[in-house]
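Next comes target_29.csv, with CSV, C-alpha atoms and all ligand atoms.
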chain,number,residue,atom,x,y,z
A,135,MET,CA,0.0,0.0,0.0
A,136,ASN,CA,2.8,2.4,1.0
A,137,GLN,CA,4.6,1.6,-2.2
A,138,GLU,CA,1.5,2.4,-4.2
A,139,ILE,CA,1.2,5.8,-2.5
A,140,VAL,CA,4.9,6.5,-2.9
A,141,GLN,CA,4.6,5.9,-6.6
A,142,LYS,CA,1.6,8.1,-7.0
A,143,ILE,CA,3.4,10.9,-5.1
A,144,GLN,CA,6.5,10.5,-7.3
A,145,ASN,CA,4.4,10.7,-10.5
A,146,LEU,CA,2.5,13.8,-9.3
A,147,LYS,CA,5.8,15.5,-8.2
A,148,LYS,CA,7.0,15.2,-11.8
A,149,GLU,CA,3.8,16.2,-13.4
A,150,LYS,CA,3.4,19.3,-11.2
A,151,ASN,CA,7.2,20.2,-11.0
A,152,ALA,CA,7.0,19.9,-7.2
A,153,VAL,CA,9.7,19.3,-4.5
A,154,ILE,CA,9.1,17.9,-1.1
A,155,LEU,CA,11.0,19.4,1.9
A,156,ALA,CA,10.9,17.6,5.3
A,157,HIS,CA,12.1,18.8,8.7
A,158,ASN,CA,14.3,16.4,10.7
A,159,TYR,CA,11.4,15.7,13.1
A,160,GLN,CA,9.0,14.2,10.5
A,161,ILE,CA,8.0,10.6,10.6
A,162,PRO,CA,10.5,8.2,8.8
A,163,GLU,CA,8.5,7.6,5.7
A,164,VAL,CA,8.0,11.4,5.1
A,165,GLN,CA,11.8,12.0,5.6
A,166,ASP,CA,12.4,9.1,3.1
A,167,ILE,CA,10.3,10.6,0.4
A,168,ALA,CA,11.6,14.1,0.7
A,169,ASN,CA,13.9,15.7,-1.9
A,170,TYR,CA,15.6,17.6,1.0
A,171,HIS,CA,15.6,17.3,4.7
A,172,GLY,CA,17.1,19.6,7.3
A,173,ASP,CA,16.6,22.2,10.0
A,174,SER,CA,14.1,25.1,9.7
A,175,LEU,CA,16.4,27.6,8.2
A,176,GLY,CA,18.2,25.1,5.9
A,177,LEU,CA,14.8,24.1,4.4
A,178,SER,CA,13.8,27.7,3.7
A,179,ILE,CA,17.1,28.4,2.0
A,180,GLU,CA,16.6,25.2,0.0
A,181,ALA,CA,13.1,26.4,-1.0
A,182,SER,CA,14.5,29.7,-2.2
A,183,LYS,CA,17.1,27.9,-4.4
A,184,THR,CA,14.7,25.4,-6.1
A,185,ASN,CA,13.5,25.6,-9.7
A,186,ALA,CA,10.3,23.8,-8.8
A,187,ASP,CA,7.0,25.6,-9.1
A,188,LYS,CA,5.5,24.0,-6.1
A,189,ILE,CA,7.0,23.3,-2.7
A,190,VAL,CA,5.4,20.7,-0.4
A,191,PHE,CA,6.6,21.7,3.0
A,192,CYS,CA,6.5,18.9,5.6
A,193,GLY,CA,7.0,20.6,8.9
A,194,VAL,CA,5.0,23.0,11.0
A,195,HIS,CA,3.2,26.2,9.9
A,196,PHE,CA,5.9,28.8,10.7
A,197,MET,CA,8.4,26.9,8.6
A,198,ALA,CA,6.2,26.8,5.5
A,199,GLU,CA,5.4,30.4,6.1
A,200,THR,CA,9.1,31.3,6.2
A,201,ALA,CA,9.6,29.5,2.9
A,202,ALA,CA,6.6,31.3,1.4
A,203,ILE,CA,8.0,34.7,2.6
A,204,LEU,CA,11.4,34.0,1.0
A,205,CYS,CA,9.9,32.6,-2.2
A,206,PRO,CA,6.9,34.8,-3.1
A,207,ASP,CA,6.9,33.6,-6.7
A,208,LYS,CA,6.4,29.9,-5.7
A,209,THR,CA,3.5,28.0,-4.4
A,210,VAL,CA,4.2,26.6,-0.9
A,211,ILE,CA,1.7,24.0,0.3
A,212,MET,CA,1.4,22.2,3.6
A,213,PRO,CA,0.0,18.6,3.7
A,214,ASP,CA,-1.7,19.5,7.0
A,215,PRO,CA,-2.1,23.2,7.6
A,216,ASN,CA,-3.2,22.4,11.2
A,217,ALA,CA,0.4,21.4,12.1
A,218,GLY,CA,1.2,24.5,14.1
A,219,CYS,CA,4.0,25.2,16.7
A,220,PRO,CA,2.6,25.9,20.1
A,221,MET,CA,5.6,28.0,21.0
A,222,ALA,CA,5.1,30.3,18.0
A,223,ASP,CA,1.5,30.8,19.2
A,224,MET,CA,2.6,31.9,22.7
A,225,ILE,CA,3.0,35.6,21.7
A,226,THR,CA,0.8,38.0,19.7
A,227,ALA,CA,1.8,41.0,17.7
A,228,LYS,CA,-0.3,43.2,20.0
A,229,ALA,CA,1.7,42.0,23.1
A,230,LEU,CA,5.0,42.4,21.2
A,231,LYS,CA,4.1,46.0,20.3
A,232,GLU,CA,3.3,46.8,24.0
A,233,LEU,CA,6.7,45.3,25.0
A,234,LYS,CA,8.5,47.4,22.4
A,235,ALA,CA,6.7,50.5,23.7
A,236,GLN,CA,7.9,49.7,27.2
A,237,ASN,CA,11.5,49.2,26.0
A,238,PRO,CA,12.0,51.8,23.2
A,239,ASN,CA,15.8,51.4,23.1
A,240,ALA,CA,15.8,47.6,22.8
A,241,LYS,CA,16.2,45.7,19.5
A,242,VAL,CA,13.8,42.8,18.9
A,243,VAL,CA,15.2,39.4,18.0
A,244,CYS,CA,12.6,36.8,17.0
A,245,TYR,CA,13.3,33.1,16.9
A,246,VAL,CA,12.2,31.8,13.5
A,247,ASN,CA,9.7,29.7,15.4
A,248,SER,CA,7.2,32.6,15.3
A,249,THR,CA,4.4,33.8,13.1
A,250,ALA,CA,4.9,36.2,10.1
A,251,GLU,CA,3.2,39.0,12.2
A,252,ILE,CA,5.8,38.6,14.9
A,253,LYS,CA,8.7,38.6,12.4
A,254,ALA,CA,7.2,41.7,10.8
A,255,GLU,CA,7.4,43.5,14.2
A,256,SER,CA,11.1,42.4,14.8
A,257,ASP,CA,14.4,44.0,13.8
A,258,ILE,CA,16.0,40.6,13.0
A,259,CYS,CA,15.2,36.9,13.0
A,260,CYS,CA,17.4,34.1,14.3
A,261,THR,CA,17.4,30.3,14.4
A,262,SER,CA,18.7,27.9,16.9
A,263,ALA,CA,21.8,27.6,14.8
A,264,ASN,CA,22.7,31.3,14.8
A,265,ALA,CA,20.9,33.0,17.8
A,266,VAL,CA,24.2,33.8,19.5
A,267,ARG,CA,25.8,35.3,16.4
A,268,VAL,CA,22.7,37.3,15.6
A,269,CYS,CA,22.5,38.8,19.2
A,270,GLN,CA,26.3,39.5,19.1
A,271,SER,CA,25.9,41.4,15.8
A,272,LEU,CA,23.5,44.0,17.2
A,273,ASP,CA,24.6,47.4,18.1
A,274,CYS,CA,22.4,47.9,21.2
A,275,LYS,CA,22.5,47.5,24.9
A,276,GLU,CA,19.1,45.7,25.3
A,277,ILE,CA,17.5,42.9,23.4
A,278,ILE,CA,13.9,41.8,23.5
A,279,PHE,CA,14.1,38.1,22.6
A,280,VAL,CA,10.8,36.3,21.6
A,281,PRO,CA,9.2,33.9,21.9
A,282,ASP,CA,11.5,31.2,23.4
A,283,LYS,CA,12.7,32.1,26.9
A,284,TYR,CA,15.1,29.1,26.9
A,285,LEU,CA,16.9,29.9,23.6
A,286,GLY,CA,17.0,33.6,24.7
A,287,HIS,CA,18.5,32.6,28.1
A,288,TYR,CA,21.1,30.4,26.4
A,289,ALA,CA,22.1,33.3,24.1
A,290,SER,CA,22.3,35.6,27.1
A,291,THR,CA,24.8,33.3,28.9
A,292,ILE,CA,27.2,33.8,25.9
A,293,VAL,CA,26.3,37.4,24.9
A,294,THR,CA,27.0,39.0,28.3
A,295,ASP,CA,27.4,42.6,27.2
A,296,LYS,CA,23.6,43.0,26.5
A,297,LYS,CA,20.6,42.9,28.7
A,298,PHE,CA,18.0,40.4,27.6
A,299,ILE,CA,14.3,40.9,28.0
A,300,LEU,CA,12.8,37.4,27.6
A,301,TRP,CA,9.3,36.5,26.6
A,302,GLU,CA,7.8,33.6,28.6
A,303,GLY,CA,7.4,31.2,25.7
A,304,TYR,CA,8.8,27.7,25.5
A,305,CYS,CA,8.6,24.5,23.5
A,306,PRO,CA,6.3,21.9,25.2
A,307,THR,CA,8.3,19.1,23.7
A,308,HIS,CA,11.8,20.2,24.7
A,309,VAL,CA,10.8,21.0,28.3
A,310,MET,CA,10.0,17.2,28.6
A,311,ILE,CA,13.8,16.5,28.4
A,312,LEU,CA,15.1,16.7,32.0
A,313,PRO,CA,18.7,16.7,33.3
A,314,GLN,CA,17.9,13.4,35.0
A,315,HIS,CA,17.3,11.8,31.6
A,316,ILE,CA,20.7,12.8,30.4
A,317,LYS,CA,22.4,11.7,33.6
A,318,GLU,CA,20.8,8.3,33.3
A,319,ALA,CA,21.8,8.0,29.6
A,320,LYS,CA,25.4,9.0,30.5
A,321,GLU,CA,25.6,6.2,33.0
A,322,LYS,CA,24.4,3.7,30.5
A,323,TYR,CA,26.5,5.1,27.6
A,324,PRO,CA,29.6,6.7,29.3
A,325,LYS,CA,31.5,7.1,26.0
A,326,ALA,CA,28.6,8.9,24.2
A,327,ALA,CA,28.8,12.6,23.3
A,328,VAL,CA,25.8,14.6,24.5
A,329,MET,CA,24.1,16.9,21.9
A,330,VAL,CA,21.4,19.1,23.3
A,331,HIS,CA,19.0,21.5,21.5
A,332,PRO,CA,19.0,25.0,22.8
A,333,GLU,CA,15.2,25.0,23.3
A,334,CYS,CA,15.8,22.7,26.3
A,335,ARG,CA,15.8,24.0,29.9
A,336,PRO,CA,19.0,25.6,31.2
A,337,GLU,CA,19.5,22.7,33.6
A,338,THR,CA,19.3,20.3,30.7
A,339,ILE,CA,21.6,22.4,28.6
A,340,ALA,CA,24.1,22.3,31.5
A,341,GLU,CA,24.6,18.5,30.8
A,342,ALA,CA,25.5,19.1,27.1
A,343,ASP,CA,28.9,18.5,25.4
A,344,GLN,CA,27.5,20.4,22.4
A,345,VAL,CA,24.5,22.7,22.2
A,346,LEU,CA,23.2,22.4,18.6
A,347,SER,CA,20.3,23.0,16.2
A,348,THR,CA,19.1,19.9,14.4
A,349,GLY,CA,21.2,20.9,11.4
A,350,GLY,CA,24.2,21.4,13.7
A,351,MET,CA,23.6,17.9,15.1
A,352,GLU,CA,23.7,16.4,11.6
A,353,LYS,CA,27.0,18.1,10.9
A,354,PHE,CA,28.6,17.3,14.3
A,355,ALA,CA,27.5,13.6,14.3
A,356,GLY,CA,29.0,13.2,10.8
A,357,GLU,CA,32.3,14.9,11.6
A,358,SER,CA,32.9,13.9,15.2
A,359,ASP,CA,35.3,11.0,16.2
A,360,SER,CA,32.7,9.8,18.8
A,361,ARG,CA,31.0,6.6,17.9
A,362,GLU,CA,28.0,7.1,20.2
A,363,PHE,CA,25.7,10.0,20.9
A,364,ILE,CA,23.0,11.0,23.3
A,365,VAL,CA,20.4,13.1,21.5
A,366,ALA,CA,18.4,15.6,23.5
A,367,THR,CA,15.8,16.8,21.1
A,368,GLU,CA,12.6,15.7,19.4
A,369,ILE,CA,12.7,11.9,18.8
A,370,GLY,CA,12.5,12.1,14.9
A,371,MET,CA,16.1,13.4,14.9
A,372,VAL,CA,17.4,10.0,16.0
A,373,TYR,CA,16.0,8.4,12.8
A,374,ARG,CA,17.7,11.1,10.7
A,375,LEU,CA,21.1,10.7,12.5
A,376,GLN,CA,21.0,6.9,12.4
A,377,LYS,CA,20.1,6.8,8.7
A,378,ASP,CA,23.0,9.2,7.8
A,379,ASN,CA,25.5,7.5,10.1
A,380,PRO,CA,24.9,3.7,10.0
A,381,ASN,CA,28.3,3.0,11.7
A,382,LYS,CA,27.5,5.2,14.7
A,383,LYS,CA,25.0,4.8,17.5
A,384,PHE,CA,22.3,7.3,18.6
A,385,TYR,CA,20.3,7.2,21.8
A,386,PRO,CA,17.4,9.5,22.6
A,387,ALA,CA,17.8,11.2,26.0
A,388,THR,CA,14.1,10.4,26.4
A,389,LYS,CA,11.4,8.9,24.2
A,390,LEU,CA,9.0,11.4,25.7
A,391,ALA,CA,10.2,14.2,23.5
A,392,VAL,CA,7.6,13.9,20.7
A,393,CYS,CA,6.2,16.9,18.8
A,394,PRO,CA,2.6,15.9,18.0
A,395,ASN,CA,2.4,18.6,15.3
A,396,MET,CA,5.4,17.4,13.5
A,397,LYS,CA,3.8,13.9,13.4
A,398,LYS,CA,0.5,15.2,11.8
A,399,ILE,CA,2.0,14.8,8.3
A,400,ASN,CA,1.9,11.4,6.5
A,401,LEU,CA,2.2,10.0,3.0
A,402,GLU,CA,-1.6,10.1,2.4
A,403,LYS,CA,-1.8,13.8,3.3
A,404,ILE,CA,1.2,14.5,0.9
A,405,LEU,CA,-0.6,12.7,-1.9
A,406,TRP,CA,-3.9,14.5,-1.2
A,407,CYS,CA,-2.4,18.0,-1.2
A,408,LEU,CA,-0.6,17.3,-4.5
A,409,GLN,CA,-3.8,16.0,-6.0
A,410,ASP,CA,-6.1,18.7,-4.8
A,411,ASN,CA,-3.7,21.7,-4.7
A,412,LYS,CA,-5.0,22.4,-1.2
A,413,GLY,CA,-3.1,23.9,1.8
A,414,LYS,CA,-1.5,26.9,0.0
A,415,ILE,CA,0.2,29.3,2.4
A,416,ILE,CA,-1.0,32.9,1.9
A,417,ILE,CA,0.5,35.9,3.8
A,418,PRO,CA,-0.7,39.5,3.4
A,419,GLN,CA,1.8,41.4,1.3
A,420,VAL,CA,2.6,44.1,3.9
A,421,ILE,CA,3.3,41.6,6.6
A,422,ALA,CA,5.3,39.4,4.2
A,423,GLN,CA,7.5,42.3,3.1
A,424,LYS,CA,8.4,43.4,6.7
A,425,ALA,CA,9.0,39.8,7.8
A,426,LYS,CA,11.2,39.2,4.8
A,427,SER,CA,13.4,42.1,5.8
A,428,ALA,CA,14.0,40.5,9.3
A,429,ILE,CA,14.8,37.1,7.8
A,430,GLU,CA,17.1,38.5,5.2
A,431,LYS,CA,19.1,40.5,7.8
A,432,MET,CA,19.7,37.2,9.5
A,433,ILE,CA,20.8,35.5,6.3
A,434,VAL,CA,23.4,38.2,5.7
A,435,ILE,CA,25.0,37.4,9.1
A,501,LIG,P1,15.8,23.5,14.2
A,501,LIG,O1,15.9,24.8,13.4
A,501,LIG,O2,17.0,23.2,15.0
A,501,LIG,O3,15.6,22.3,13.2
A,501,LIG,O4,14.6,23.5,15.2
A,501,LIG,C1,13.3,23.7,14.9
A,501,LIG,C2,12.4,23.4,15.9
A,501,LIG,O5,11.2,23.5,15.9
A,501,LIG,C3,13.0,22.8,17.1
A,501,LIG,O6,12.0,22.4,18.0
A,502,LIG,FE1,7.4,23.9,18.0
A,502,LIG,FE2,8.6,22.5,19.8
A,502,LIG,FE3,7.4,21.3,17.8
A,502,LIG,FE4,9.7,22.6,17.4
A,502,LIG,S1,9.4,20.7,18.6
A,502,LIG,S2,7.8,22.7,16.2
A,502,LIG,S3,9.4,24.3,18.9
A,502,LIG,S4,6.4,22.5,19.4
Can the structure in the file be given as structure tokens, please?
Amino acid sequence: MNQEIVQKIQNLKKEKNAVILAHNYQIPEVQDIANYHGDSLGLSIEASKTNADKIVFCGVHFMAETAAILCPDKTVIMPDPNAGCPMADMITAKALKELKAQNPNAKVVCYVNSTAEIKAESDICCTSANAVRVCQSLDCKEIIFVPDKYLGHYASTIVTDKKFILWEGYCPTHVMILPQHIKEAKEKYPKAAVMVHPECRPETIAEADQVLSTGGMEKFAGESDSREFIVATEIGMVYRLQKDNPNKKFYPATKLAVCPNMKKINLEKILWCLQDNKGKIIIPQVIAQKAKSAIEKMIVI
């Protein structure tokens, strides 16, 4: 049955000149059918480089939205437009405008895990891969960092010459990963290198050998001399790493770290959206233009 669906998707992809992009947290069969896989920024950059007319974005809403902002001439579709990111929804543009009014000298850095409206209200965007560099690059004494308090806190421990005003947002999946999980995994696999995503709690980050985005984890796992790794991020990453590095071993810090939104996409939904042309991402032009400027400033860095 799967093989039949896979074949139908491949035929439609050719017929419609479409590409499939999949985030590293997608279920294995979705990762396997994708033309490209990667972290949130890597996928958007891939989207902007493709010659395809249609981009099927297998990830959560803010990722497809970012791709649509960067590629206004292409059609970006989501197999399940209900796949949102709870963290991105933890702040509204109204609340951010109020915070800016209270802190008029601060620059606003928004994590890419945010809506287009939030990006449009920000000076610059960042990802988990470049948050520190983006904050270091700013000529200001105060930074309003939204919406992830943990990524913002992590950046503030390195960028010590600026005051950080953190929004109280967080990822419900990454907060499930506790320091105790890593300590137990270290006891079981003492030779393993510990990779932790910066969306984790500070106490969990304190257990890390490397603090990395999912793209950073792919790179580090491939290049490192270590043969074993403890992976503290969403569980889908372990499939990605194991597939790319069959001679190394990857252990999830905990199997509790599942992002239910990332798991909403499956092969059937990919087929349906290609057949019916449904799920197109549409962003009002004024918002898209302002949001694009915040994303492009980050890309320059
Ligand atoms: P990456 O950009 O590291 O892939 O992270 C995206 C994300 O949503 C992590 O929860
Ligand atoms: Fe959002 Fe967390 Fe899911 Fe990433 S893992 S998409 S931050 S809810």
**Message:** Can you pull out the residues contacting Lys382 in chain A? Cut-off 8 Å, using only C-alpha atoms, and skip same-chain residues under 3 positions away; I want them as an MDAnalysis selection string.
**Reply:** chainID A and resid 361:362 376 379
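Using only C-alpha atoms and all ligand atoms, the smallest distance between any of A:Cys259, A:Leu272, A:Ala391, A:Ile299 and ligand LIG 502 (chain A) comes from A:Ala391.
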**Message:** Can you work out which residues are within 10 Å of ligand LIG 502 (chain A), considering all atoms listed in the file, and then hand them over as an MDAnalysis selection string?
**Reply:** chainID A and resid 157 159 174 193:197 217:223 245:248 282 303:309 333:334 367:370 391:397
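Considering all atoms listed in the file, the residue among A:Asp173, A:Glu302, A:Glu149, A:Glu430 positioned nearest to Ala186 in chain A is A:Glu149.
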**Request:** Name the closest residue to ligand LIG 501 (chain A) among the candidates A:Glu352, A:Asp257, A:Glu232, A:Glu321; distances are taken between atoms, counting only C-alpha atoms and all ligand atoms.
**Result:** A:Glu352
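Nearest residue to ligand LIG 501 (chain A), choosing from A:Ser347, A:Phe279, A:Ser182, A:Val210 and counting only C-alpha atoms and all ligand atoms: A:Ser347.
The interatomic distance for the pair CA of Trp406 in chain A and CA of Val140 in chain A works out to 12.0 Å.
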**Request:** Tell me which of A:Gln270, A:Thr348, A:Asn145, A:Asn136 sits closest to ligand LIG 501 (chain A), counting all atoms listed in the file.
**Result:** A:Thr348
**Item:** Cut-off 9 Å around (3.0, 40.6, 10.6) with all atoms listed in the file: residues as an MDAnalysis selection string
**Value:** chainID A and resid 227 249:255 417:418 420:425
Export, as a PDB file, in the frame of the given file, the selected residues with C-alpha atoms.
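The result, written out as selection16.pdb:
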ATOM      1  CA  ALA A 227       1.800  41.000  17.700  1.00  0.00           C
ATOM      2  CA  THR A 249       4.400  33.800  13.100  1.00  0.00           C
ATOM      3  CA  ALA A 250       4.900  36.200  10.100  1.00  0.00           C
ATOM      4  CA  GLU A 251       3.200  39.000  12.200  1.00  0.00           C
ATOM      5  CA  ILE A 252       5.800  38.600  14.900  1.00  0.00           C
ATOM      6  CA  LYS A 253       8.700  38.600  12.400  1.00  0.00           C
ATOM      7  CA  ALA A 254       7.200  41.700  10.800  1.00  0.00           C
ATOM      8  CA  GLU A 255       7.400  43.500  14.200  1.00  0.00           C
ATOM      9  CA  ILE A 417       0.500  35.900   3.800  1.00  0.00           C
ATOM     10  CA  PRO A 418      -0.700  39.500   3.400  1.00  0.00           C
ATOM     11  CA  VAL A 420       2.600  44.100   3.900  1.00  0.00           C
ATOM     12  CA  ILE A 421       3.300  41.600   6.600  1.00  0.00           C
ATOM     13  CA  ALA A 422       5.300  39.400   4.200  1.00  0.00           C
ATOM     14  CA  GLN A 423       7.500  42.300   3.100  1.00  0.00           C
ATOM     15  CA  LYS A 424       8.400  43.400   6.700  1.00  0.00           C
ATOM     16  CA  ALA A 425       9.000  39.800   7.800  1.00  0.00           C
TER      17      ALA A 425
END
Skipping near chain neighbours, those fewer than 6 positions away, what residues fall within 10 Å of Leu230 in chain A using only C-alpha atoms, listed as a JSON list (two decimals) with C-alpha atoms, keeping the file's coordinate frame?
[["chain", "number", "residue", "atom", "x", "y", "z"],
["A", 236, "GLN", "CA", 7.90, 49.70, 27.20],
["A", 242, "VAL", "CA", 13.80, 42.80, 18.90],
["A", 251, "GLU", "CA", 3.20, 39.00, 12.20],
["A", 252, "ILE", "CA", 5.80, 38.60, 14.90],
["A", 255, "GLU", "CA", 7.40, 43.50, 14.20],
["A", 256, "SER", "CA", 11.10, 42.40, 14.80],
["A", 278, "ILE", "CA", 13.90, 41.80, 23.50],
["A", 280, "VAL", "CA", 10.80, 36.30, 21.60],
["A", 281, "PRO", "CA", 9.20, 33.90, 21.90],
["A", 301, "TRP", "CA", 9.30, 36.50, 26.60]]
